[in-house]
file data08.txt (compact mmCIF, C-alpha atoms)
# COMPACT_ATOMS: atom_id res chain seq x y z
CA ALA A 1 0.00 0.00 0.00
CA ALA A 2 1.20 3.52 -0.74
CA PHE A 3 0.06 7.09 -0.15
CA SER A 4 -0.23 9.62 -2.94
CA PRO A 5 2.27 12.49 -2.65
CA ASP A 6 -0.42 14.84 -1.27
CA GLY A 7 -1.64 12.20 1.20
CA LYS A 8 -5.21 12.38 -0.08
CA GLN A 9 -5.28 8.91 -1.62
CA VAL A 10 -3.98 5.43 -0.89
CA ALA A 11 -3.24 2.71 -3.44
CA THR A 12 -3.52 -0.93 -2.44
CA ALA A 13 -2.48 -4.07 -4.34
CA SER A 14 -4.27 -7.39 -3.99
CA HIS A 15 -4.21 -11.10 -4.76
CA ASP A 16 -7.60 -10.59 -6.45
CA ARG A 17 -5.79 -9.26 -9.57
CA THR A 18 -6.74 -5.65 -8.90
CA ALA A 19 -5.38 -2.53 -7.28
CA LYS A 20 -7.66 -0.02 -5.59
CA LEU A 21 -7.48 3.71 -4.93
CA TRP A 22 -9.01 5.06 -1.73
CA ASP A 23 -9.87 8.48 -0.36
CA THR A 24 -8.00 8.94 2.92
CA ALA A 25 -10.47 11.46 4.35
CA SER A 26 -13.62 9.38 3.89
CA GLY A 27 -12.23 5.87 3.42
CA ASP A 28 -14.29 5.57 0.24
CA ARG A 29 -13.03 3.52 -2.69
CA LEU A 30 -12.40 5.80 -5.66
CA HIS A 31 -11.34 3.33 -8.35
CA THR A 32 -10.72 -0.36 -8.88
CA LEU A 33 -7.87 -0.85 -11.34
CA LYS A 34 -8.82 -3.95 -13.32
CA GLY A 35 -6.83 -5.56 -16.11
CA HIS A 36 -4.08 -7.72 -14.66
CA GLY A 37 -4.29 -11.46 -15.21
CA ASP A 38 -2.74 -12.49 -11.91
CA MET A 39 -2.12 -11.08 -8.44
CA VAL A 40 -0.96 -7.48 -8.19
CA TRP A 41 2.21 -7.29 -6.11
CA SER A 42 2.63 -3.53 -5.71
CA ALA A 43 1.04 -0.18 -6.53
CA GLU A 44 2.89 3.16 -6.40
CA PHE A 45 1.95 6.72 -7.30
CA SER A 46 3.92 8.95 -9.65
CA PRO A 47 5.60 11.96 -8.02
CA ASP A 48 2.81 14.29 -9.18
CA GLY A 49 0.12 11.86 -7.99
CA ARG A 50 -1.58 11.74 -11.37
CA GLN A 51 -0.57 8.19 -12.25
CA VAL A 52 -0.17 4.81 -10.56
CA VAL A 53 2.13 1.98 -11.61
CA THR A 54 1.30 -1.61 -10.67
CA ALA A 55 3.48 -4.74 -10.79
CA SER A 56 1.88 -8.13 -11.30
CA HIS A 57 2.60 -11.83 -11.38
CA ASP A 58 1.10 -11.84 -14.90
CA TRP A 59 4.60 -10.78 -16.08
CA THR A 60 3.53 -7.16 -16.73
CA ALA A 61 3.36 -3.78 -15.10
CA LYS A 62 0.68 -1.21 -15.89
CA ILE A 63 0.53 2.57 -15.74
CA TRP A 64 -2.87 4.00 -14.79
CA ASP A 65 -4.54 7.39 -14.79
CA ALA A 66 -5.20 7.94 -11.08
CA GLY A 67 -8.01 10.38 -11.73
CA ALA A 68 -9.97 8.23 -14.18
CA GLY A 69 -8.86 4.79 -13.01
CA GLU A 70 -8.03 3.81 -16.60
CA CYS A 71 -5.01 1.88 -17.89
CA LEU A 72 -2.69 4.06 -19.97
CA HIS A 73 0.06 1.56 -20.79
CA THR A 74 0.83 -2.11 -20.25
CA LEU A 75 4.56 -2.68 -19.83
CA LYS A 76 5.18 -6.02 -21.56
CA GLY A 77 8.46 -7.80 -22.08
CA HIS A 78 9.43 -9.58 -18.89
CA GLN A 79 9.57 -13.37 -18.91
CA GLY A 80 8.73 -13.87 -15.25
CA LEU A 81 6.82 -12.43 -12.33
CA VAL A 82 7.09 -8.64 -12.04
CA VAL A 83 7.50 -7.91 -8.33
CA SER A 84 8.42 -4.24 -8.23
CA ALA A 85 7.62 -1.10 -10.22
CA ALA A 86 8.42 2.51 -9.40
CA PHE A 87 8.52 5.94 -11.05
CA SER A 88 11.64 8.06 -11.34
CA PRO A 89 11.67 11.24 -9.24
CA ASP A 90 10.75 13.33 -12.29
CA GLY A 91 7.98 10.91 -13.29
CA GLN A 92 9.46 10.41 -16.76
CA GLN A 93 10.62 6.82 -16.30
CA VAL A 94 9.47 3.61 -14.64
CA VAL A 95 11.73 0.81 -13.44
CA THR A 96 10.47 -2.76 -13.04
CA ALA A 97 12.08 -5.78 -11.36
CA SER A 98 11.32 -9.36 -12.32
CA HIS A 99 12.01 -12.96 -11.48
CA ASP A 100 13.40 -13.27 -15.02
CA ARG A 101 16.64 -11.84 -13.52
CA ILE A 102 16.23 -8.54 -15.37
CA ALA A 103 15.14 -5.04 -14.42
CA LYS A 104 13.79 -2.78 -17.16
CA LEU A 105 13.57 0.95 -17.68
CA TRP A 106 10.48 2.30 -19.44
CA ASP A 107 9.41 5.64 -20.84
CA ALA A 108 6.38 6.54 -18.72
CA ALA A 109 4.75 8.64 -21.46
CA SER A 110 4.86 5.96 -24.17
CA GLY A 111 5.19 2.69 -22.25
CA VAL A 112 8.21 1.74 -24.39
CA CYS A 113 11.16 -0.09 -22.83
CA SER A 114 14.31 2.02 -23.08
CA HIS A 115 16.83 -0.30 -21.38
CA ALA A 116 17.03 -3.85 -20.04
CA LEU A 117 19.30 -3.99 -17.00
CA LYS A 118 20.92 -7.39 -17.52
CA GLY A 119 23.64 -8.95 -15.40
CA HIS A 120 22.06 -10.47 -12.32
CA LEU A 121 22.34 -14.26 -12.02
CA GLY A 122 19.31 -14.64 -9.72
CA ILE A 123 15.81 -13.24 -9.50
CA VAL A 124 15.59 -9.47 -9.09
CA VAL A 125 13.37 -8.68 -6.11
CA SER A 126 13.31 -4.88 -6.20
CA ALA A 127 14.44 -1.85 -8.18
CA GLU A 128 14.30 1.82 -7.33
CA PHE A 129 15.66 5.15 -8.52
CA SER A 130 18.04 7.28 -6.50
CA PRO A 131 16.44 10.44 -5.09
CA ASP A 132 18.35 12.52 -7.65
CA GLY A 133 17.14 10.23 -10.45
CA GLY A 134 20.63 9.50 -11.75
CA GLN A 135 20.95 5.86 -10.73
CA VAL A 136 18.89 2.71 -10.29
CA LEU A 137 19.46 0.26 -7.45
CA THR A 138 18.52 -3.40 -7.96
CA VAL A 139 18.44 -6.21 -5.40
CA SER A 140 18.90 -9.85 -6.33
CA HIS A 141 19.04 -13.33 -4.89
CA ASP A 142 22.42 -13.74 -6.61
CA LYS A 143 23.97 -12.29 -3.40
CA THR A 144 24.39 -8.82 -4.90
CA ALA A 145 22.81 -5.45 -5.33
CA SER A 146 23.74 -3.40 -8.38
CA LEU A 147 23.90 0.28 -9.27
CA TRP A 148 23.00 1.29 -12.83
CA ASP A 149 23.10 4.53 -14.77
CA ALA A 150 19.48 5.58 -15.27
CA ALA A 151 20.17 7.31 -18.58
CA SER A 152 22.21 4.61 -20.34
CA GLY A 153 21.28 1.42 -18.46
CA PHE A 154 24.99 0.73 -17.89
CA ARG A 155 25.89 -1.21 -14.74
CA LEU A 156 28.14 0.97 -12.59
CA ARG A 157 28.77 -1.02 -9.41
CA VAL A 158 28.15 -4.50 -7.96
CA LEU A 159 27.67 -4.64 -4.18
CA LYS A 160 28.43 -8.13 -2.87
CA HIS A 161 27.15 -10.16 0.09
CA ARG A 162 27.61 -13.81 1.06
CA ASP A 163 23.91 -14.70 0.74
CA HIS A 164 20.68 -13.35 -0.81
CA VAL A 165 20.29 -9.60 -0.59
CA SER A 166 16.80 -8.94 0.74
CA SER A 167 16.56 -5.14 0.54
CA ALA A 168 18.48 -1.99 -0.28
CA ALA A 169 17.92 1.75 -0.25
CA PHE A 170 19.56 5.04 -1.16
CA SER A 171 20.33 7.77 1.36
CA PRO A 172 18.29 10.97 0.84
CA ASP A 173 21.28 12.69 -0.81
CA SER A 174 21.86 9.71 -3.18
CA GLN A 175 25.48 9.44 -1.96
CA LYS A 176 25.17 6.20 0.01
CA VAL A 177 23.42 2.84 -0.26
CA VAL A 178 22.46 0.45 2.52
CA THR A 179 21.96 -3.26 1.83
CA ALA A 180 20.55 -6.01 4.05
CA SER A 181 21.27 -9.67 3.45
CA HIS A 182 20.37 -13.17 4.57
CA ASP A 183 24.04 -13.50 5.52
CA GLY A 184 23.14 -11.66 8.71
CA THR A 185 24.77 -8.37 7.80
CA ALA A 186 23.80 -4.94 6.61
CA LYS A 187 26.37 -2.90 4.72
CA LEU A 188 26.76 0.79 3.98
CA TRP A 189 28.29 1.64 0.61
CA GLY A 190 29.49 4.71 -1.23
CA ALA A 191 27.23 5.05 -4.25
CA ALA A 192 29.92 6.64 -6.41
CA SER A 193 32.78 4.35 -5.42
CA GLY A 194 30.94 1.09 -4.72
CA LEU A 195 33.20 0.66 -1.70
CA CYS A 196 31.84 -0.78 1.55
CA LEU A 197 32.05 1.91 4.21
CA HIS A 198 30.67 -0.10 7.14
CA ALA A 199 29.43 -3.66 7.67

call {"tool": "encode", "arguments": {"input": "data08.txt", "output": "structure tokens"}}
result
Amino acid sequence: AAFSPDGKQVATASHDRTAKLWDTASGDRLHTLKGHGDMVWSAEFSPDGRQVVTASHDWTAKIWDAGAGECLHTLKGHQGLVVSAAFSPDGQQVVTASHDRIAKLWDAASGVCSHALKGHLGIVVSAEFSPDGGQVLTVSHDKTASLWDAASGFRLRVLKHRDHVSSAAFSPDSQKVVTASHDGTAKLWGAASGLCLHA
């Protein structure tokens, strides 16, 4: 579940193959976003609150008009469950993560894939943009997280653990990354250098 940027709406994702938008003041359901063929794993608003992106086990993500509740684009191309989808800070791009071991960058206006972020050897469990929009951070069960250039799709850094990486996040200034792993450690990294600062 996620709030809209203005806090006036909430988006929820469900096993019933839909996402729903709710009014936070009244609790009323505003829209049911129907169209996915399998469970919806996540739903996130765009930075301006006008759109919602959903990730589904039907191997697709969808971009929706939050005001009308209508599907604008279906992001097709993954060959496995799509488990994460998020807008860039400027709302111009979407990044998706999939069990097909690939993350993809999409143009939010057209729904066209601009880059496939290939290199992970295990399922990709999440992908997110840095707060400044310059990089993408992916998390994988191949014991690594990776940093990618958001403009070119080029892999910049590989952050290694001894077991599955379960989550990762950027610092607010985009200068550091924290990773958490099944190896029992969390590590703090320099985003520019890829060097481990603390473990």

call {"tool": "residues_around", "arguments": {"input": "data08.txt", "residues": "A:Ala85", "least_positions_apart": "6", "cutoff": "9 Å", "atoms": "all atoms listed in the file", "output": "ChimeraX atom specification"}}
result
/A:42-44,53-55,61-62,94-97,126-128

call {"tool": "closest_residue", "arguments": {"input": "data08.txt", "among": "A:Asp48, A:Gly122, A:His141, A:Ala109", "to": "A:Pro89", "atoms": "all atoms listed in the file"}}
result
A:Asp48

call {"tool": "closest_residue", "arguments": {"input": "data08.txt", "among": "A:Gly119, A:Gly27, A:Gly111, A:Gly67", "to": "A:Thr138", "atoms": "only C-alpha atoms"}}
result
A:Gly119

call {"tool": "residues_around", "arguments": {"input": "data08.txt", "residues": "A:Gly194", "least_positions_apart": "4", "cutoff": "8 Å", "atoms": "all atoms listed in the file", "output": "compact mmCIF listing (two decimals) with C-alpha atoms, in the coordinates of the input"}}
result
# COMPACT_ATOMS: atom_id res chain seq x y z
CA ARG A 157 28.77 -1.02 -9.41
CA VAL A 158 28.15 -4.50 -7.96
CA LEU A 159 27.67 -4.64 -4.18
CA TRP A 189 28.29 1.64 0.61
CA GLY A 190 29.49 4.71 -1.23

call {"tool": "closest_residue", "arguments": {"input": "data08.txt", "among": "A:Asp23, A:Asp16, A:Asp100, A:Asp163", "to": "A:Val82", "atoms": "all atoms listed in the file"}}
result
A:Asp100

call {"tool": "residues_around", "arguments": {"input": "data08.txt", "residues": "A:Ser130", "least_positions_apart": "5", "cutoff": "7 Å", "atoms": "only C-alpha atoms", "output": "PyMOL selection string"}}
result
chain A and resi 135-136+170+174

call {"tool": "residues_around", "arguments": {"input": "data08.txt", "residues": "stretch 38-41 of chain A", "least_positions_apart": "5", "cutoff": "6 Å", "atoms": "only C-alpha atoms", "output": "list in words"}}
result
Ala13, Ser14, His15, Asp16, Arg17, Ala55, Ser56, His57, Asp58 and Val83 of chain A

call {"tool": "atom_distance", "arguments": {"input": "data08.txt", "atom1": "atom CA of A:Phe129", "atom2": "atom CA of A:Lys187"}}
result
18.8 Å

call {"tool": "atom_distance", "arguments": {"input": "data08.txt", "atom1": "atom CA of A:Thr144", "atom2": "atom CA of A:Ser193"}}
result
15.6 Å

call {"tool": "atom_distance", "arguments": {"input": "data08.txt", "atom1": "atom CA of A:Arg29", "atom2": "atom CA of A:Leu72"}}
result
20.1 Å

call {"tool": "residues_around", "arguments": {"input": "data08.txt", "residues": "A:Pro131", "least_positions_apart": "6", "cutoff": "12 Å", "atoms": "only C-alpha atoms", "output": "PyMOL selection string"}}
result
chain A and resi 47+87-91+137+150+169-177

call {"tool": "closest_residue", "arguments": {"input": "data08.txt", "among": "A:Ser26, A:Thr18, A:Gln9, A:Thr60", "to": "A:Phe45", "atoms": "all atoms listed in the file"}}
result
A:Gln9

call {"tool": "closest_residue", "arguments": {"input": "data08.txt", "among": "A:Pro5, A:Gly37, A:Gly153, A:Gly184", "to": "A:Trp106", "atoms": "all atoms listed in the file"}}
result
A:Gly153

call {"tool": "closest_residue", "arguments": {"input": "data08.txt", "among": "A:Ala199, A:Leu75, A:Leu147, A:Ala11", "to": "A:Ser114", "atoms": "all atoms listed in the file"}}
result
A:Leu75

call {"tool": "decode", "arguments": {"input": "data08.txt", "residues": "stretch 13-155 of chain A", "atoms": "C-alpha atoms", "output": "PDB file, in the first residue's frame"}}
result
ATOM      1  CA  ALA A  13      -2.481  -4.074  -4.336  1.00  0.00           C
ATOM      2  CA  SER A  14      -4.266  -7.391  -3.991  1.00  0.00           C
ATOM      3  CA  HIS A  15      -4.209 -11.097  -4.758  1.00  0.00           C
ATOM      4  CA  ASP A  16      -7.596 -10.589  -6.448  1.00  0.00           C
ATOM      5  CA  ARG A  17      -5.786  -9.262  -9.565  1.00  0.00           C
ATOM      6  CA  THR A  18      -6.744  -5.651  -8.899  1.00  0.00           C
ATOM      7  CA  ALA A  19      -5.382  -2.531  -7.277  1.00  0.00           C
ATOM      8  CA  LYS A  20      -7.658  -0.024  -5.586  1.00  0.00           C
ATOM      9  CA  LEU A  21      -7.479   3.712  -4.935  1.00  0.00           C
ATOM     10  CA  TRP A  22      -9.011   5.059  -1.734  1.00  0.00           C
ATOM     11  CA  ASP A  23      -9.867   8.483  -0.358  1.00  0.00           C
ATOM     12  CA  THR A  24      -7.996   8.937   2.917  1.00  0.00           C
ATOM     13  CA  ALA A  25     -10.471  11.457   4.351  1.00  0.00           C
ATOM     14  CA  SER A  26     -13.619   9.376   3.886  1.00  0.00           C
ATOM     15  CA  GLY A  27     -12.227   5.871   3.425  1.00  0.00           C
ATOM     16  CA  ASP A  28     -14.294   5.570   0.237  1.00  0.00           C
ATOM     17  CA  ARG A  29     -13.030   3.515  -2.690  1.00  0.00           C
ATOM     18  CA  LEU A  30     -12.399   5.799  -5.661  1.00  0.00           C
ATOM     19  CA  HIS A  31     -11.341   3.331  -8.354  1.00  0.00           C
ATOM     20  CA  THR A  32     -10.723  -0.362  -8.880  1.00  0.00           C
ATOM     21  CA  LEU A  33      -7.874  -0.848 -11.341  1.00  0.00           C
ATOM     22  CA  LYS A  34      -8.821  -3.954 -13.321  1.00  0.00           C
ATOM     23  CA  GLY A  35      -6.834  -5.563 -16.109  1.00  0.00           C
ATOM     24  CA  HIS A  36      -4.077  -7.719 -14.659  1.00  0.00           C
ATOM     25  CA  GLY A  37      -4.294 -11.458 -15.213  1.00  0.00           C
ATOM     26  CA  ASP A  38      -2.739 -12.494 -11.906  1.00  0.00           C
ATOM     27  CA  MET A  39      -2.122 -11.082  -8.438  1.00  0.00           C
ATOM     28  CA  VAL A  40      -0.959  -7.477  -8.186  1.00  0.00           C
ATOM     29  CA  TRP A  41       2.208  -7.291  -6.109  1.00  0.00           C
ATOM     30  CA  SER A  42       2.633  -3.533  -5.708  1.00  0.00           C
ATOM     31  CA  ALA A  43       1.041  -0.178  -6.528  1.00  0.00           C
ATOM     32  CA  GLU A  44       2.890   3.156  -6.398  1.00  0.00           C
ATOM     33  CA  PHE A  45       1.949   6.717  -7.299  1.00  0.00           C
ATOM     34  CA  SER A  46       3.918   8.953  -9.647  1.00  0.00           C
ATOM     35  CA  PRO A  47       5.604  11.964  -8.024  1.00  0.00           C
ATOM     36  CA  ASP A  48       2.806  14.289  -9.185  1.00  0.00           C
ATOM     37  CA  GLY A  49       0.116  11.859  -7.995  1.00  0.00           C
ATOM     38  CA  ARG A  50      -1.577  11.742 -11.375  1.00  0.00           C
ATOM     39  CA  GLN A  51      -0.568   8.189 -12.253  1.00  0.00           C
ATOM     40  CA  VAL A  52      -0.165   4.814 -10.556  1.00  0.00           C
ATOM     41  CA  VAL A  53       2.134   1.976 -11.609  1.00  0.00           C
ATOM     42  CA  THR A  54       1.302  -1.612 -10.673  1.00  0.00           C
ATOM     43  CA  ALA A  55       3.479  -4.741 -10.786  1.00  0.00           C
ATOM     44  CA  SER A  56       1.884  -8.134 -11.300  1.00  0.00           C
ATOM     45  CA  HIS A  57       2.600 -11.830 -11.377  1.00  0.00           C
ATOM     46  CA  ASP A  58       1.102 -11.842 -14.896  1.00  0.00           C
ATOM     47  CA  TRP A  59       4.598 -10.777 -16.077  1.00  0.00           C
ATOM     48  CA  THR A  60       3.531  -7.164 -16.735  1.00  0.00           C
ATOM     49  CA  ALA A  61       3.355  -3.783 -15.102  1.00  0.00           C
ATOM     50  CA  LYS A  62       0.683  -1.209 -15.895  1.00  0.00           C
ATOM     51  CA  ILE A  63       0.533   2.573 -15.745  1.00  0.00           C
ATOM     52  CA  TRP A  64      -2.865   3.995 -14.788  1.00  0.00           C
ATOM     53  CA  ASP A  65      -4.537   7.385 -14.786  1.00  0.00           C
ATOM     54  CA  ALA A  66      -5.199   7.938 -11.080  1.00  0.00           C
ATOM     55  CA  GLY A  67      -8.014  10.381 -11.728  1.00  0.00           C
ATOM     56  CA  ALA A  68      -9.974   8.234 -14.182  1.00  0.00           C
ATOM     57  CA  GLY A  69      -8.865   4.788 -13.014  1.00  0.00           C
ATOM     58  CA  GLU A  70      -8.032   3.811 -16.601  1.00  0.00           C
ATOM     59  CA  CYS A  71      -5.014   1.885 -17.888  1.00  0.00           C
ATOM     60  CA  LEU A  72      -2.691   4.060 -19.974  1.00  0.00           C
ATOM     61  CA  HIS A  73       0.062   1.555 -20.794  1.00  0.00           C
ATOM     62  CA  THR A  74       0.827  -2.115 -20.251  1.00  0.00           C
ATOM     63  CA  LEU A  75       4.561  -2.684 -19.835  1.00  0.00           C
ATOM     64  CA  LYS A  76       5.177  -6.019 -21.560  1.00  0.00           C
ATOM     65  CA  GLY A  77       8.462  -7.801 -22.081  1.00  0.00           C
ATOM     66  CA  HIS A  78       9.430  -9.579 -18.887  1.00  0.00           C
ATOM     67  CA  GLN A  79       9.572 -13.374 -18.910  1.00  0.00           C
ATOM     68  CA  GLY A  80       8.732 -13.865 -15.255  1.00  0.00           C
ATOM     69  CA  LEU A  81       6.819 -12.432 -12.325  1.00  0.00           C
ATOM     70  CA  VAL A  82       7.086  -8.642 -12.036  1.00  0.00           C
ATOM     71  CA  VAL A  83       7.495  -7.913  -8.327  1.00  0.00           C
ATOM     72  CA  SER A  84       8.424  -4.236  -8.230  1.00  0.00           C
ATOM     73  CA  ALA A  85       7.617  -1.103 -10.217  1.00  0.00           C
ATOM     74  CA  ALA A  86       8.420   2.513  -9.399  1.00  0.00           C
ATOM     75  CA  PHE A  87       8.522   5.943 -11.045  1.00  0.00           C
ATOM     76  CA  SER A  88      11.635   8.063 -11.337  1.00  0.00           C
ATOM     77  CA  PRO A  89      11.672  11.237  -9.236  1.00  0.00           C
ATOM     78  CA  ASP A  90      10.748  13.326 -12.290  1.00  0.00           C
ATOM     79  CA  GLY A  91       7.984  10.906 -13.292  1.00  0.00           C
ATOM     80  CA  GLN A  92       9.462  10.415 -16.759  1.00  0.00           C
ATOM     81  CA  GLN A  93      10.621   6.816 -16.298  1.00  0.00           C
ATOM     82  CA  VAL A  94       9.465   3.607 -14.642  1.00  0.00           C
ATOM     83  CA  VAL A  95      11.732   0.806 -13.440  1.00  0.00           C
ATOM     84  CA  THR A  96      10.473  -2.765 -13.043  1.00  0.00           C
ATOM     85  CA  ALA A  97      12.079  -5.783 -11.357  1.00  0.00           C
ATOM     86  CA  SER A  98      11.322  -9.364 -12.319  1.00  0.00           C
ATOM     87  CA  HIS A  99      12.009 -12.961 -11.478  1.00  0.00           C
ATOM     88  CA  ASP A 100      13.398 -13.272 -15.024  1.00  0.00           C
ATOM     89  CA  ARG A 101      16.645 -11.842 -13.522  1.00  0.00           C
ATOM     90  CA  ILE A 102      16.225  -8.541 -15.369  1.00  0.00           C
ATOM     91  CA  ALA A 103      15.141  -5.045 -14.424  1.00  0.00           C
ATOM     92  CA  LYS A 104      13.788  -2.784 -17.161  1.00  0.00           C
ATOM     93  CA  LEU A 105      13.570   0.954 -17.677  1.00  0.00           C
ATOM     94  CA  TRP A 106      10.478   2.301 -19.444  1.00  0.00           C
ATOM     95  CA  ASP A 107       9.412   5.642 -20.842  1.00  0.00           C
ATOM     96  CA  ALA A 108       6.376   6.542 -18.725  1.00  0.00           C
ATOM     97  CA  ALA A 109       4.746   8.640 -21.464  1.00  0.00           C
ATOM     98  CA  SER A 110       4.862   5.963 -24.173  1.00  0.00           C
ATOM     99  CA  GLY A 111       5.191   2.692 -22.253  1.00  0.00           C
ATOM    100  CA  VAL A 112       8.209   1.741 -24.388  1.00  0.00           C
ATOM    101  CA  CYS A 113      11.163  -0.090 -22.829  1.00  0.00           C
ATOM    102  CA  SER A 114      14.314   2.023 -23.078  1.00  0.00           C
ATOM    103  CA  HIS A 115      16.827  -0.296 -21.383  1.00  0.00           C
ATOM    104  CA  ALA A 116      17.027  -3.847 -20.042  1.00  0.00           C
ATOM    105  CA  LEU A 117      19.299  -3.993 -17.003  1.00  0.00           C
ATOM    106  CA  LYS A 118      20.924  -7.387 -17.522  1.00  0.00           C
ATOM    107  CA  GLY A 119      23.644  -8.949 -15.402  1.00  0.00           C
ATOM    108  CA  HIS A 120      22.057 -10.472 -12.318  1.00  0.00           C
ATOM    109  CA  LEU A 121      22.337 -14.257 -12.017  1.00  0.00           C
ATOM    110  CA  GLY A 122      19.306 -14.635  -9.725  1.00  0.00           C
ATOM    111  CA  ILE A 123      15.809 -13.238  -9.498  1.00  0.00           C
ATOM    112  CA  VAL A 124      15.591  -9.471  -9.089  1.00  0.00           C
ATOM    113  CA  VAL A 125      13.372  -8.681  -6.106  1.00  0.00           C
ATOM    114  CA  SER A 126      13.306  -4.883  -6.204  1.00  0.00           C
ATOM    115  CA  ALA A 127      14.441  -1.854  -8.175  1.00  0.00           C
ATOM    116  CA  GLU A 128      14.304   1.825  -7.325  1.00  0.00           C
ATOM    117  CA  PHE A 129      15.663   5.155  -8.520  1.00  0.00           C
ATOM    118  CA  SER A 130      18.040   7.283  -6.501  1.00  0.00           C
ATOM    119  CA  PRO A 131      16.439  10.441  -5.091  1.00  0.00           C
ATOM    120  CA  ASP A 132      18.352  12.525  -7.645  1.00  0.00           C
ATOM    121  CA  GLY A 133      17.141  10.226 -10.453  1.00  0.00           C
ATOM    122  CA  GLY A 134      20.625   9.499 -11.754  1.00  0.00           C
ATOM    123  CA  GLN A 135      20.948   5.863 -10.729  1.00  0.00           C
ATOM    124  CA  VAL A 136      18.886   2.709 -10.290  1.00  0.00           C
ATOM    125  CA  LEU A 137      19.464   0.259  -7.452  1.00  0.00           C
ATOM    126  CA  THR A 138      18.517  -3.401  -7.965  1.00  0.00           C
ATOM    127  CA  VAL A 139      18.439  -6.208  -5.400  1.00  0.00           C
ATOM    128  CA  SER A 140      18.903  -9.853  -6.331  1.00  0.00           C
ATOM    129  CA  HIS A 141      19.037 -13.333  -4.894  1.00  0.00           C
ATOM    130  CA  ASP A 142      22.420 -13.737  -6.610  1.00  0.00           C
ATOM    131  CA  LYS A 143      23.967 -12.290  -3.402  1.00  0.00           C
ATOM    132  CA  THR A 144      24.394  -8.823  -4.903  1.00  0.00           C
ATOM    133  CA  ALA A 145      22.805  -5.446  -5.331  1.00  0.00           C
ATOM    134  CA  SER A 146      23.736  -3.401  -8.380  1.00  0.00           C
ATOM    135  CA  LEU A 147      23.899   0.282  -9.272  1.00  0.00           C
ATOM    136  CA  TRP A 148      23.003   1.294 -12.827  1.00  0.00           C
ATOM    137  CA  ASP A 149      23.103   4.534 -14.767  1.00  0.00           C
ATOM    138  CA  ALA A 150      19.479   5.576 -15.267  1.00  0.00           C
ATOM    139  CA  ALA A 151      20.170   7.306 -18.583  1.00  0.00           C
ATOM    140  CA  SER A 152      22.215   4.607 -20.337  1.00  0.00           C
ATOM    141  CA  GLY A 153      21.276   1.418 -18.462  1.00  0.00           C
ATOM    142  CA  PHE A 154      24.988   0.727 -17.886  1.00  0.00           C
ATOM    143  CA  ARG A 155      25.886  -1.206 -14.737  1.00  0.00           C
TER     144      ARG A 155
END
